[in-house]
Amino acid sequence: MKKKFVFTFFIFSFSVFCFAQRVISPVAGNFCNKQPLVLDVSDGAECFYSLSGTDPLTSGFAYDGPVLIDTSGRINLKITAIRGDLKEEIEINYNVQEQNPFEEPSESFSFIKNCVNSGVYLYENEKPLEIPSSFSYCFDDDRIFLKGQKLVLDTENCLSRYLPCLVSDGKNEWRFVIFVSGNQIGTLSKYSIPFEFKEWNSFCFTGEKLIWQLDDGDWSASKLPVNIDRSVKHTLRWQSVAFEVGNPVQSFVIPTEPEIIVNEKIDSAVNFSIEGDLRYRMEIVSTGVKNQPEKINGLFTSATFDTFEGDSISGTAVFAFYADGVFLGTKEKEFSIDKKPPRSPEFNSNTKKFYSRNPVELSIKTEEGAEIFYAVSKPLKISETLASSALSADSPEFFEVKADKFEKYLDSFMLGSSDGAVVFYKVCAFAKDKKGNVSNCSEFCVVIDEDNYYLDSSGVASSLENTVDEDCDGTAENPFRSFEQALKVLNSRRFTRFYVNGTFKLPSGETVISSNCMFLAQKNSQIIVPSDANIVVRNASFEADNLVFRKNRESNCASNSKFFVLENSTALFKSSEFAGIFEENGIGFDCKNSVVEFNGCGLTMQSDSYVCALSGLDSKIAVKNSRVSAVSQTAVNFSLNGGQFDLTDCSCRVTAHLGRIAELCAVNASLSKNSYIGSFEKKARGIVPVWRDRDSKILQDIENSSSGF
């Protein structure tokens, strides 16, 4: 297509006129291919354009057909259309960063190179357009994308048009125009006849020096319009006005008025056919479809309109009817071809994040009139190790999860976890409209973790370690930075599991835990209890694994004589260390009506006057494979009143002026494989490692050793 450079100045004034979608291409946006210029000039307008923002009428090009704008970067396109004394001005700004990021000779690379980069792609029935499945596409920039596929039209399609197509690989977008050249059959040959039809029921005889006769009526030379009944055939005869016997008489049989029959074909194309006299042929005057480049020539006994999968067209088609080449009238017929899918369903949930702390209520919506079908995967249980990593919907662990048993969506539904497990769900949904068009499948993915939270102080300055960051949600990606944050969640839920990394200092006073919880720590993670503070577990279960608890003596700080207080609770401590230094008197664990077990732990308690590692009232205490040490003037490892006591495979030591391993009052005790060590200022008579009153029972006392008593 040649470009004509124009230097023209129009002196006369114009008024602005506007036509729907004058510019088929380009449009505003960012694209990865050079754009074609395609204008709708079906109204006979003359168009001029410039590429640098200048006035097209003074410094531009004349448009004489589609042309590739061979320019990249930011482009300021100006177009002026002239029709008579009317003027239309259009400005479009778009950006081209040309690229084909695919490896050669892949299908994607070839598609961009051979189809997209041509600007205008000529569709042919013998060579369908194949958009690779690695792309999604849409038409007319409606952004209702479909997965790439082979695009075909009905082989009898006679609808010509320009159709903008946008393709995307999920990151980049390319826009080009598909030109469909419809089938055109035959040529129109018009007979020279001395009459004409203005409407179906009205004709006018126009012959000069001729007379005419309709059916068996009188001969006439009238030129006035004549109304006739078109539900029956008529015969029109004419001959020279100079009547003589033997003059030739010509005739034309006027057929009955036909009907247009519209049928939808199996492929959803629309077929227009003639019901009536077999002599009829029809010419397409107008299709009613935008972006039609030219008039469709030819005579048809039937005409088919079609469009590609993913597009919809509708309009009022106008047909001119001829019998033996004689025009007899026009007819209009509305039509609609809908191959455009509904918009993909949208998910609405009570969580905005991929990682949910609560059961998820999910609802699905799509455009009015379409049905939704959805499928929910089986819940995938996630290991604690995986749950502690930064998960996303794109994590490879979730690729193989399938949601493919679809059912009709009726109402919102819940997704939840069971038995405290961390679970992953994938929900898929598609919409189907009344025409049977199916949307792309939408996905909703979520990890539901009702119980697991993360405490991580790494990278937090010590001066800020107790500062509450409202943005922290306790996920592995955005963990809690202070124990106060964790405590708010802990006491508001039925059960909470915390993964601990780093050092956390409790606030002054009592830190009360009133809900069930578990603390699982990484190596060298610890919780610091200030001198004036303690931990109170009340009516709850408490578990700690591989965690260090420290209570230090601090100057200028009031001393709290207790480290842990357990009331009507259960506690399990595994592989954990407890170190408490008190000022005057101190109790490491003060247990009342509780069940407490230590396994593989170390307890070291120290004070100036009196210290007890564990004191129990009507409690069930079990200490296994652990180390227990008490250091003070008077020191006791275990002081128990009522309940049960099981001490197995432990090393117990007291360093004191006076001390015992255990003092038992009304306790049932089992003692086995333990080592009792006493380190005293001087040995005192009558001191035994385990003292019991007469209400206590030693149920088992085997393989225990004693030294220093």
# chains A, B, ... in the order shown; residues from 1 in each chain; ligands from 1
>>> select_by_dssp(residues="segment 63-219 of chain A", states="strand (DSSP E or B)", output="number ranges by chain")
A: 67-68, 73-83, 86-96, 120-124, 127, 129-130, 136-139, 146-147, 150-151, 157, 161-168, 173-180, 195-199, 202-205, 210-214
>>> write_last_selection(atoms="C-alpha atoms", output="mmCIF file, in the first residue's frame")
data_model
loop_
_atom_site.group_PDB
_atom_site.id
_atom_site.type_symbol
_atom_site.label_atom_id
_atom_site.label_comp_id
_atom_site.auth_asym_id
_atom_site.auth_seq_id
_atom_site.Cartn_x
_atom_site.Cartn_y
_atom_site.Cartn_z
ATOM 1 C CA VAL A 67 -1.019 -0.379 6.140
ATOM 2 C CA LEU A 68 1.475 -1.514 8.784
ATOM 3 C CA GLY A 73 8.150 3.312 20.858
ATOM 4 C CA ARG A 74 5.537 5.885 21.823
ATOM 5 C CA ILE A 75 3.370 6.893 18.893
ATOM 6 C CA ASN A 76 0.982 9.831 18.676
ATOM 7 C CA LEU A 77 -1.383 8.961 15.836
ATOM 8 C CA LYS A 78 -3.721 11.650 14.514
ATOM 9 C CA ILE A 79 -6.423 10.943 11.952
ATOM 10 C CA THR A 80 -8.693 13.352 10.095
ATOM 11 C CA ALA A 81 -11.642 12.072 8.074
ATOM 12 C CA ILE A 82 -13.389 14.262 5.488
ATOM 13 C CA ARG A 83 -16.813 13.587 4.017
ATOM 14 C CA LEU A 86 -18.022 17.288 7.559
ATOM 15 C CA LYS A 87 -14.805 16.686 9.459
ATOM 16 C CA GLU A 88 -13.869 14.085 12.066
ATOM 17 C CA GLU A 89 -10.650 14.249 14.128
ATOM 18 C CA ILE A 90 -9.245 11.341 16.143
ATOM 19 C CA GLU A 91 -6.107 11.056 18.288
ATOM 20 C CA ILE A 92 -4.665 7.755 19.559
ATOM 21 C CA ASN A 93 -1.589 7.292 21.728
ATOM 22 C CA TYR A 94 -0.037 3.859 21.999
ATOM 23 C CA ASN A 95 3.295 2.258 22.750
ATOM 24 C CA VAL A 96 5.153 -0.515 20.918
ATOM 25 C CA VAL A 120 -3.370 -7.837 9.056
ATOM 26 C CA TYR A 121 -3.766 -11.588 8.784
ATOM 27 C CA LEU A 122 -5.755 -12.914 5.811
ATOM 28 C CA TYR A 123 -8.010 -15.757 6.909
ATOM 29 C CA GLU A 124 -8.628 -18.488 4.357
ATOM 30 C CA LYS A 127 -5.744 -22.465 6.028
ATOM 31 C CA LEU A 129 -5.808 -19.601 11.947
ATOM 32 C CA GLU A 130 -4.199 -21.575 14.767
ATOM 33 C CA SER A 136 -5.132 -16.668 25.378
ATOM 34 C CA TYR A 137 -7.070 -14.458 22.981
ATOM 35 C CA CYS A 138 -10.073 -12.182 22.763
ATOM 36 C CA PHE A 139 -11.802 -10.138 20.062
ATOM 37 C CA LEU A 146 -10.202 -17.900 25.688
ATOM 38 C CA LYS A 147 -7.393 -20.406 25.530
ATOM 39 C CA LYS A 150 -7.780 -23.470 15.901
ATOM 40 C CA LEU A 151 -10.163 -20.790 14.584
ATOM 41 C CA ASN A 157 -19.485 -17.885 5.112
ATOM 42 C CA ARG A 161 -14.999 -8.058 7.883
ATOM 43 C CA TYR A 162 -11.980 -6.831 9.820
ATOM 44 C CA LEU A 163 -11.790 -8.358 13.278
ATOM 45 C CA PRO A 164 -9.285 -7.037 15.877
ATOM 46 C CA CYS A 165 -7.661 -9.815 17.912
ATOM 47 C CA LEU A 166 -5.681 -9.444 21.152
ATOM 48 C CA VAL A 167 -3.435 -12.310 22.274
ATOM 49 C CA SER A 168 -1.562 -12.646 25.556
ATOM 50 C CA GLU A 173 0.107 -8.566 24.741
ATOM 51 C CA TRP A 174 0.063 -8.490 20.951
ATOM 52 C CA ARG A 175 -2.752 -6.979 18.853
ATOM 53 C CA PHE A 176 -3.401 -7.611 15.193
ATOM 54 C CA VAL A 177 -6.342 -7.634 12.777
ATOM 55 C CA ILE A 178 -7.872 -10.663 11.068
ATOM 56 C CA PHE A 179 -9.336 -10.001 7.631
ATOM 57 C CA VAL A 180 -12.084 -12.401 6.613
ATOM 58 C CA PHE A 195 -41.134 -1.233 -15.528
ATOM 59 C CA GLU A 196 -39.832 -1.010 -11.994
ATOM 60 C CA PHE A 197 -40.853 -2.094 -8.507
ATOM 61 C CA LYS A 198 -40.683 0.537 -5.800
ATOM 62 C CA GLU A 199 -42.218 -1.677 -3.135
ATOM 63 C CA SER A 202 -46.330 -1.417 -6.140
ATOM 64 C CA PHE A 203 -44.891 -1.250 -9.622
ATOM 65 C CA CYS A 204 -44.755 1.475 -12.240
ATOM 66 C CA PHE A 205 -44.622 0.965 -16.010
ATOM 67 C CA LEU A 210 -45.394 0.895 -25.189
ATOM 68 C CA ILE A 211 -48.653 -0.352 -23.835
ATOM 69 C CA TRP A 212 -49.024 -2.956 -21.157
ATOM 70 C CA GLN A 213 -51.477 -5.472 -19.757
ATOM 71 C CA LEU A 214 -51.577 -7.124 -16.295
#
>>> residues_around(residues="Tyr374 of chain A", least_positions_apart="2", cutoff="8 Å", atoms="only C-alpha atoms", output="ChimeraX atom specification")
/A:372,376,405-409,427-430
>>> write_last_selection(atoms="all heavy atoms", output="short mmCIF file (atom, residue, chain, number, x, y, z; two decimals), in the first residue's frame")
data_model
loop_
_atom_site.label_atom_id
_atom_site.label_comp_id
_atom_site.auth_asym_id
_atom_site.auth_seq_id
_atom_site.Cartn_x
_atom_site.Cartn_y
_atom_site.Cartn_z
N ILE A 372 -23.34 -21.54 36.59
CA ILE A 372 -21.99 -21.79 37.08
C ILE A 372 -21.87 -23.26 37.47
O ILE A 372 -22.77 -23.83 38.09
CB ILE A 372 -21.66 -20.91 38.31
CG1 ILE A 372 -21.73 -19.43 37.93
CG2 ILE A 372 -20.29 -21.24 38.88
CD1 ILE A 372 -21.60 -18.50 39.13
N VAL A 376 -14.55 -28.89 43.69
CA VAL A 376 -13.66 -28.66 44.83
C VAL A 376 -12.74 -29.87 44.98
O VAL A 376 -13.21 -31.02 44.98
CB VAL A 376 -14.45 -28.45 46.13
CG1 VAL A 376 -13.51 -28.18 47.30
CG2 VAL A 376 -15.45 -27.32 45.98
N LYS A 405 -14.48 -32.75 39.41
CA LYS A 405 -15.82 -33.31 39.51
C LYS A 405 -16.81 -32.16 39.67
O LYS A 405 -17.17 -31.75 40.77
CB LYS A 405 -15.91 -34.28 40.68
CG LYS A 405 -15.04 -35.53 40.50
CD LYS A 405 -15.21 -36.51 41.65
CE LYS A 405 -14.36 -37.75 41.42
NZ LYS A 405 -14.49 -38.72 42.55
N PHE A 406 -17.26 -31.65 38.51
CA PHE A 406 -18.06 -30.42 38.50
C PHE A 406 -19.53 -30.71 38.80
O PHE A 406 -20.07 -31.73 38.40
CB PHE A 406 -17.93 -29.72 37.15
CG PHE A 406 -16.61 -29.05 36.94
CD1 PHE A 406 -15.54 -29.74 36.38
CD2 PHE A 406 -16.41 -27.73 37.32
CE1 PHE A 406 -14.31 -29.13 36.19
CE2 PHE A 406 -15.20 -27.12 37.14
CZ PHE A 406 -14.14 -27.81 36.57
N GLU A 407 -20.13 -29.77 39.48
CA GLU A 407 -21.56 -29.79 39.75
C GLU A 407 -22.09 -28.37 39.65
O GLU A 407 -21.34 -27.40 39.70
CB GLU A 407 -21.85 -30.38 41.12
CG GLU A 407 -21.21 -29.63 42.29
CD GLU A 407 -21.48 -30.32 43.61
OE1 GLU A 407 -22.56 -30.04 44.17
OE2 GLU A 407 -20.62 -31.10 44.06
N LYS A 408 -23.41 -28.27 39.51
CA LYS A 408 -24.03 -26.97 39.34
C LYS A 408 -23.97 -26.19 40.65
O LYS A 408 -24.27 -26.72 41.72
CB LYS A 408 -25.48 -27.12 38.89
CG LYS A 408 -26.14 -25.80 38.49
CD LYS A 408 -27.53 -26.05 37.92
CE LYS A 408 -28.20 -24.74 37.53
NZ LYS A 408 -29.54 -24.96 36.95
N TYR A 409 -23.57 -24.94 40.55
CA TYR A 409 -23.47 -24.08 41.73
C TYR A 409 -24.84 -23.52 42.07
O TYR A 409 -25.55 -22.99 41.21
CB TYR A 409 -22.48 -22.94 41.46
CG TYR A 409 -22.45 -21.88 42.55
CD1 TYR A 409 -21.78 -22.13 43.74
CD2 TYR A 409 -23.09 -20.66 42.38
CE1 TYR A 409 -21.75 -21.17 44.74
CE2 TYR A 409 -23.06 -19.70 43.38
CZ TYR A 409 -22.39 -19.95 44.55
OH TYR A 409 -22.37 -19.01 45.54
N VAL A 427 -10.34 -24.78 44.07
CA VAL A 427 -11.71 -24.74 43.57
C VAL A 427 -11.68 -24.22 42.14
O VAL A 427 -11.07 -23.18 41.87
CB VAL A 427 -12.60 -23.83 44.44
CG1 VAL A 427 -14.04 -23.87 43.95
CG2 VAL A 427 -12.53 -24.25 45.90
N CYS A 428 -12.32 -24.94 41.24
CA CYS A 428 -12.40 -24.51 39.83
C CYS A 428 -13.86 -24.26 39.48
O CYS A 428 -14.76 -24.94 39.98
CB CYS A 428 -11.82 -25.59 38.91
SG CYS A 428 -10.05 -25.88 39.14
N ALA A 429 -14.08 -23.27 38.64
CA ALA A 429 -15.45 -22.94 38.23
C ALA A 429 -15.46 -22.38 36.82
O ALA A 429 -14.54 -21.68 36.41
CB ALA A 429 -16.08 -21.94 39.21
N PHE A 430 -16.50 -22.74 36.07
CA PHE A 430 -16.70 -22.14 34.74
C PHE A 430 -18.16 -21.75 34.60
O PHE A 430 -19.03 -22.25 35.32
CB PHE A 430 -16.27 -23.09 33.63
CG PHE A 430 -17.09 -24.35 33.50
CD1 PHE A 430 -18.28 -24.38 32.78
CD2 PHE A 430 -16.67 -25.52 34.11
CE1 PHE A 430 -19.04 -25.53 32.67
CE2 PHE A 430 -17.41 -26.69 34.01
CZ PHE A 430 -18.60 -26.70 33.28
#
>>> select_by_dssp(residues="segment 421-615 of chain A", states="alpha helix (DSSP H)", output="CSV table (one decimal) with N, CA, C and O atoms, in the first residue's frame")
chain,number,residue,atom,x,y,z
A,483,PHE,N,5.9,-11.6,71.7
A,483,PHE,CA,5.0,-12.5,72.4
A,483,PHE,C,3.7,-12.0,72.7
A,483,PHE,O,2.7,-12.7,72.7
A,484,GLU,N,3.6,-10.6,72.9
A,484,GLU,CA,2.3,-10.0,73.1
A,484,GLU,C,1.3,-10.3,71.9
A,484,GLU,O,0.1,-10.5,72.0
A,485,GLN,N,1.9,-10.2,70.7
A,485,GLN,CA,1.1,-10.5,69.5
A,485,GLN,C,0.5,-11.9,69.5
A,485,GLN,O,-0.6,-12.2,69.3
A,486,ALA,N,1.4,-12.8,69.9
A,486,ALA,CA,1.0,-14.2,69.9
A,486,ALA,C,0.0,-14.5,71.0
A,486,ALA,O,-1.0,-15.3,70.8
A,487,LEU,N,0.1,-13.8,72.1
A,487,LEU,CA,-0.8,-14.0,73.3
A,487,LEU,C,-2.2,-13.6,72.9
A,487,LEU,O,-3.2,-14.2,73.3
A,488,LYS,N,-2.4,-12.5,72.1
A,488,LYS,CA,-3.7,-12.1,71.7
A,488,LYS,C,-4.4,-13.2,70.9
A,488,LYS,O,-5.6,-13.4,71.1
A,489,VAL,N,-3.7,-13.8,70.0
A,489,VAL,CA,-4.2,-14.8,69.2
A,489,VAL,C,-4.5,-16.1,70.1
A,489,VAL,O,-5.6,-16.7,70.0
A,490,LEU,N,-3.5,-16.4,70.9
A,490,LEU,CA,-3.5,-17.6,71.7
A,490,LEU,C,-4.8,-17.7,72.5
A,490,LEU,O,-5.5,-18.7,72.5
>>> residues_around(residues="Asn117 of chain A", least_positions_apart="2", cutoff="8 Å", atoms="only C-alpha atoms", output="compact mmCIF listing (two decimals) with N, CA and C atoms, in the first residue's frame")
# COMPACT_ATOMS: atom_id res chain seq x y z
N ASN A 33 4.01 -5.70 19.34
CA ASN A 33 4.18 -5.79 17.89
C ASN A 33 3.76 -4.48 17.25
N LYS A 34 4.33 -4.20 16.09
CA LYS A 34 3.94 -3.00 15.34
C LYS A 34 2.49 -3.11 14.91
N ILE A 112 3.83 -15.64 16.38
CA ILE A 112 4.11 -14.20 16.47
C ILE A 112 4.76 -13.70 15.17
N LYS A 113 5.70 -14.44 14.66
CA LYS A 113 6.44 -14.01 13.48
C LYS A 113 5.56 -13.97 12.23
N ASN A 114 4.78 -15.03 12.00
CA ASN A 114 4.09 -15.18 10.72
C ASN A 114 2.66 -14.64 10.72
N CYS A 115 2.01 -14.66 11.86
CA CYS A 115 0.61 -14.23 11.91
C CYS A 115 0.46 -12.85 12.50
N GLY A 119 0.49 -7.78 10.92
CA GLY A 119 -0.42 -6.66 11.14
C GLY A 119 -1.84 -7.01 10.78
N PHE A 176 -3.43 -7.64 16.65
CA PHE A 176 -3.40 -7.61 15.19
C PHE A 176 -4.83 -7.70 14.69
>>> residues_around(residues="Leu37 of chain A", least_positions_apart="2", cutoff="8 Å", atoms="only C-alpha atoms", output="CSV table (one decimal) with N, CA and C atoms, in the first residue's frame")
chain,number,residue,atom,x,y,z
A,23,VAL,N,-11.9,3.9,13.7
A,23,VAL,CA,-10.6,3.3,13.7
A,23,VAL,C,-10.7,1.8,14.2
A,24,ILE,N,-10.4,0.9,13.3
A,24,ILE,CA,-10.4,-0.5,13.7
A,24,ILE,C,-9.1,-0.9,14.4
A,25,SER,N,-8.0,-0.3,13.9
A,25,SER,CA,-6.7,-0.4,14.5
A,25,SER,C,-5.8,0.8,14.1
A,26,PRO,N,-5.0,1.2,15.0
A,26,PRO,CA,-4.7,0.7,16.4
A,26,PRO,C,-5.6,1.3,17.4
A,35,GLN,N,1.8,-2.0,14.9
A,35,GLN,CA,0.4,-2.0,14.7
A,35,GLN,C,0.0,-1.6,13.3
A,39,LEU,N,-8.9,1.5,8.8
A,39,LEU,CA,-10.0,2.5,9.1
A,39,LEU,C,-11.2,2.0,8.4
A,66,PRO,N,-5.5,-0.6,4.4
A,66,PRO,CA,-4.7,-1.0,5.5
A,66,PRO,C,-3.2,-1.0,5.3
A,67,VAL,N,-2.5,-0.5,6.3
A,67,VAL,CA,-1.0,-0.4,6.1
A,67,VAL,C,-0.4,-0.6,7.5
A,68,LEU,N,0.8,-1.3,7.5
A,68,LEU,CA,1.5,-1.5,8.8
A,68,LEU,C,2.2,-0.2,9.2
A,69,ILE,N,2.0,0.2,10.4
A,69,ILE,CA,2.8,1.4,10.9
A,69,ILE,C,4.1,0.9,11.3
>>> residues_around(residues="segment 545-557 of chain A", least_positions_apart="6", cutoff="10 Å", atoms="only C-alpha atoms", output="number ranges by chain")
A: 499-501, 503-505, 508, 518-534, 563, 572-583, 588, 599-607
>>> write_last_selection(atoms="N, CA and C atoms", output="CSV table (one decimal), in the first residue's frame")
chain,number,residue,atom,x,y,z
A,499,TYR,N,5.3,-21.8,66.1
A,499,TYR,CA,6.7,-22.2,65.7
A,499,TYR,C,7.6,-21.0,66.1
A,500,VAL,N,8.6,-21.3,66.9
A,500,VAL,CA,9.3,-20.2,67.5
A,500,VAL,C,10.8,-20.2,67.0
A,501,ASN,N,11.2,-19.0,66.6
A,501,ASN,CA,12.6,-18.8,66.1
A,501,ASN,C,13.1,-17.4,66.7
A,503,THR,N,14.6,-15.0,70.1
A,503,THR,CA,14.4,-14.7,71.5
A,503,THR,C,13.3,-13.7,71.7
A,504,PHE,N,12.5,-14.0,72.7
A,504,PHE,CA,11.3,-13.2,73.0
A,504,PHE,C,11.3,-12.9,74.5
A,505,LYS,N,11.1,-11.6,74.9
A,505,LYS,CA,11.0,-11.2,76.3
A,505,LYS,C,9.6,-10.9,76.7
A,508,SER,N,6.3,-7.4,82.0
A,508,SER,CA,6.3,-7.5,83.5
A,508,SER,C,4.9,-8.0,83.9
A,518,MET,N,0.7,-24.9,71.9
A,518,MET,CA,1.9,-25.7,71.8
A,518,MET,C,3.0,-24.7,71.2
A,519,PHE,N,4.2,-24.9,71.7
A,519,PHE,CA,5.3,-24.1,71.2
A,519,PHE,C,6.4,-25.0,70.7
A,520,LEU,N,6.7,-25.0,69.4
A,520,LEU,CA,7.7,-25.8,68.8
A,520,LEU,C,8.8,-24.9,68.4
A,521,ALA,N,10.0,-25.1,68.9
A,521,ALA,CA,11.1,-24.1,68.7
A,521,ALA,C,12.2,-24.7,67.8
A,522,GLN,N,12.8,-23.7,67.1
A,522,GLN,CA,14.1,-24.1,66.4
A,522,GLN,C,15.2,-24.0,67.4
A,523,LYS,N,16.4,-24.4,66.9
A,523,LYS,CA,17.5,-24.5,67.8
A,523,LYS,C,17.8,-23.1,68.4
A,524,ASN,N,18.2,-23.0,69.7
A,524,ASN,CA,18.6,-21.8,70.4
A,524,ASN,C,17.5,-20.8,70.5
A,525,SER,N,16.2,-21.2,70.4
A,525,SER,CA,15.2,-20.2,70.6
A,525,SER,C,14.8,-20.2,72.1
A,526,GLN,N,14.5,-19.0,72.6
A,526,GLN,CA,14.3,-18.9,74.0
A,526,GLN,C,13.3,-17.8,74.3
A,527,ILE,N,12.6,-18.0,75.5
A,527,ILE,CA,11.7,-17.0,76.1
A,527,ILE,C,12.3,-16.5,77.4
A,528,ILE,N,12.4,-15.2,77.5
A,528,ILE,CA,13.0,-14.6,78.7
A,528,ILE,C,11.8,-14.1,79.6
A,529,VAL,N,11.8,-14.6,80.8
A,529,VAL,CA,10.8,-14.1,81.8
A,529,VAL,C,11.5,-13.1,82.7
A,530,PRO,N,11.1,-11.9,82.7
A,530,PRO,CA,11.7,-10.9,83.6
A,530,PRO,C,11.6,-11.3,85.1
A,531,SER,N,12.5,-10.7,85.9
A,531,SER,CA,12.5,-11.0,87.3
A,531,SER,C,11.1,-10.7,88.0
A,532,ASP,N,10.4,-9.7,87.5
A,532,ASP,CA,9.1,-9.4,88.1
A,532,ASP,C,7.9,-10.0,87.4
A,533,ALA,N,8.2,-11.1,86.6
A,533,ALA,CA,7.1,-11.7,85.8
A,533,ALA,C,7.1,-13.2,86.0
A,534,ASN,N,6.0,-13.8,85.6
A,534,ASN,CA,5.9,-15.2,85.5
A,534,ASN,C,4.8,-15.6,84.5
A,563,PHE,N,8.2,-19.0,88.7
A,563,PHE,CA,8.5,-19.0,87.3
A,563,PHE,C,7.3,-19.4,86.5
A,572,LEU,N,3.0,-30.4,78.9
A,572,LEU,CA,4.0,-31.4,78.4
A,572,LEU,C,5.2,-30.6,77.9
A,573,PHE,N,6.4,-30.9,78.5
A,573,PHE,CA,7.6,-30.2,78.1
A,573,PHE,C,8.6,-31.3,77.6
A,574,LYS,N,9.0,-31.1,76.4
A,574,LYS,CA,10.0,-32.0,75.7
A,574,LYS,C,11.2,-31.3,75.3
A,575,SER,N,12.4,-31.9,75.6
A,575,SER,CA,13.7,-31.4,75.1
A,575,SER,C,13.8,-29.9,75.4
A,576,SER,N,13.3,-29.4,76.5
A,576,SER,CA,13.4,-28.0,76.8
A,576,SER,C,14.2,-27.8,78.0
A,577,GLU,N,14.7,-26.5,78.1
A,577,GLU,CA,15.5,-26.1,79.3
A,577,GLU,C,14.8,-25.0,80.0
A,578,PHE,N,14.9,-25.1,81.4
A,578,PHE,CA,14.3,-24.1,82.3
A,578,PHE,C,15.4,-23.6,83.3
A,579,ALA,N,15.7,-22.4,83.2
A,579,ALA,CA,16.8,-21.8,84.1
A,579,ALA,C,16.2,-20.6,84.8
A,580,GLY,N,16.0,-20.8,86.2
A,580,GLY,CA,15.5,-19.7,87.0
A,580,GLY,C,16.4,-19.2,88.1
A,581,ILE,N,16.6,-17.9,88.1
A,581,ILE,CA,17.4,-17.4,89.2
A,581,ILE,C,16.6,-16.4,90.0
A,582,PHE,N,16.3,-16.7,91.2
A,582,PHE,CA,15.4,-15.9,92.1
A,582,PHE,C,16.2,-15.1,93.1
A,583,GLU,N,15.6,-14.1,93.7
A,583,GLU,CA,16.4,-13.2,94.6
A,583,GLU,C,16.4,-13.9,96.0
A,588,GLY,N,10.2,-23.0,90.8
A,588,GLY,CA,10.2,-23.1,89.3
A,588,GLY,C,8.9,-23.3,88.8
A,599,ASN,N,10.0,-34.5,79.6
A,599,ASN,CA,10.7,-35.6,79.0
A,599,ASN,C,11.9,-35.0,78.2
A,600,GLY,N,13.1,-35.4,78.7
A,600,GLY,CA,14.3,-35.0,78.1
A,600,GLY,C,14.6,-33.5,78.4
A,601,CYS,N,14.2,-33.0,79.5
A,601,CYS,CA,14.4,-31.6,79.8
A,601,CYS,C,15.5,-31.4,80.9
A,602,GLY,N,15.8,-30.1,81.1
A,602,GLY,CA,16.7,-29.7,82.1
A,602,GLY,C,16.1,-28.6,82.9
A,603,LEU,N,16.0,-28.7,84.3
A,603,LEU,CA,15.5,-27.7,85.2
A,603,LEU,C,16.6,-27.3,86.1
A,604,THR,N,16.9,-26.0,86.1
A,604,THR,CA,17.9,-25.5,87.0
A,604,THR,C,17.3,-24.3,87.7
A,605,MET,N,17.2,-24.4,89.1
A,605,MET,CA,16.6,-23.2,89.8
A,605,MET,C,17.6,-22.8,90.9
A,606,GLN,N,17.7,-21.5,91.1
A,606,GLN,CA,18.7,-21.0,92.1
A,606,GLN,C,18.1,-19.8,92.8
A,607,SER,N,18.3,-19.7,94.1
A,607,SER,CA,17.9,-18.5,94.9
A,607,SER,C,18.9,-18.4,96.1
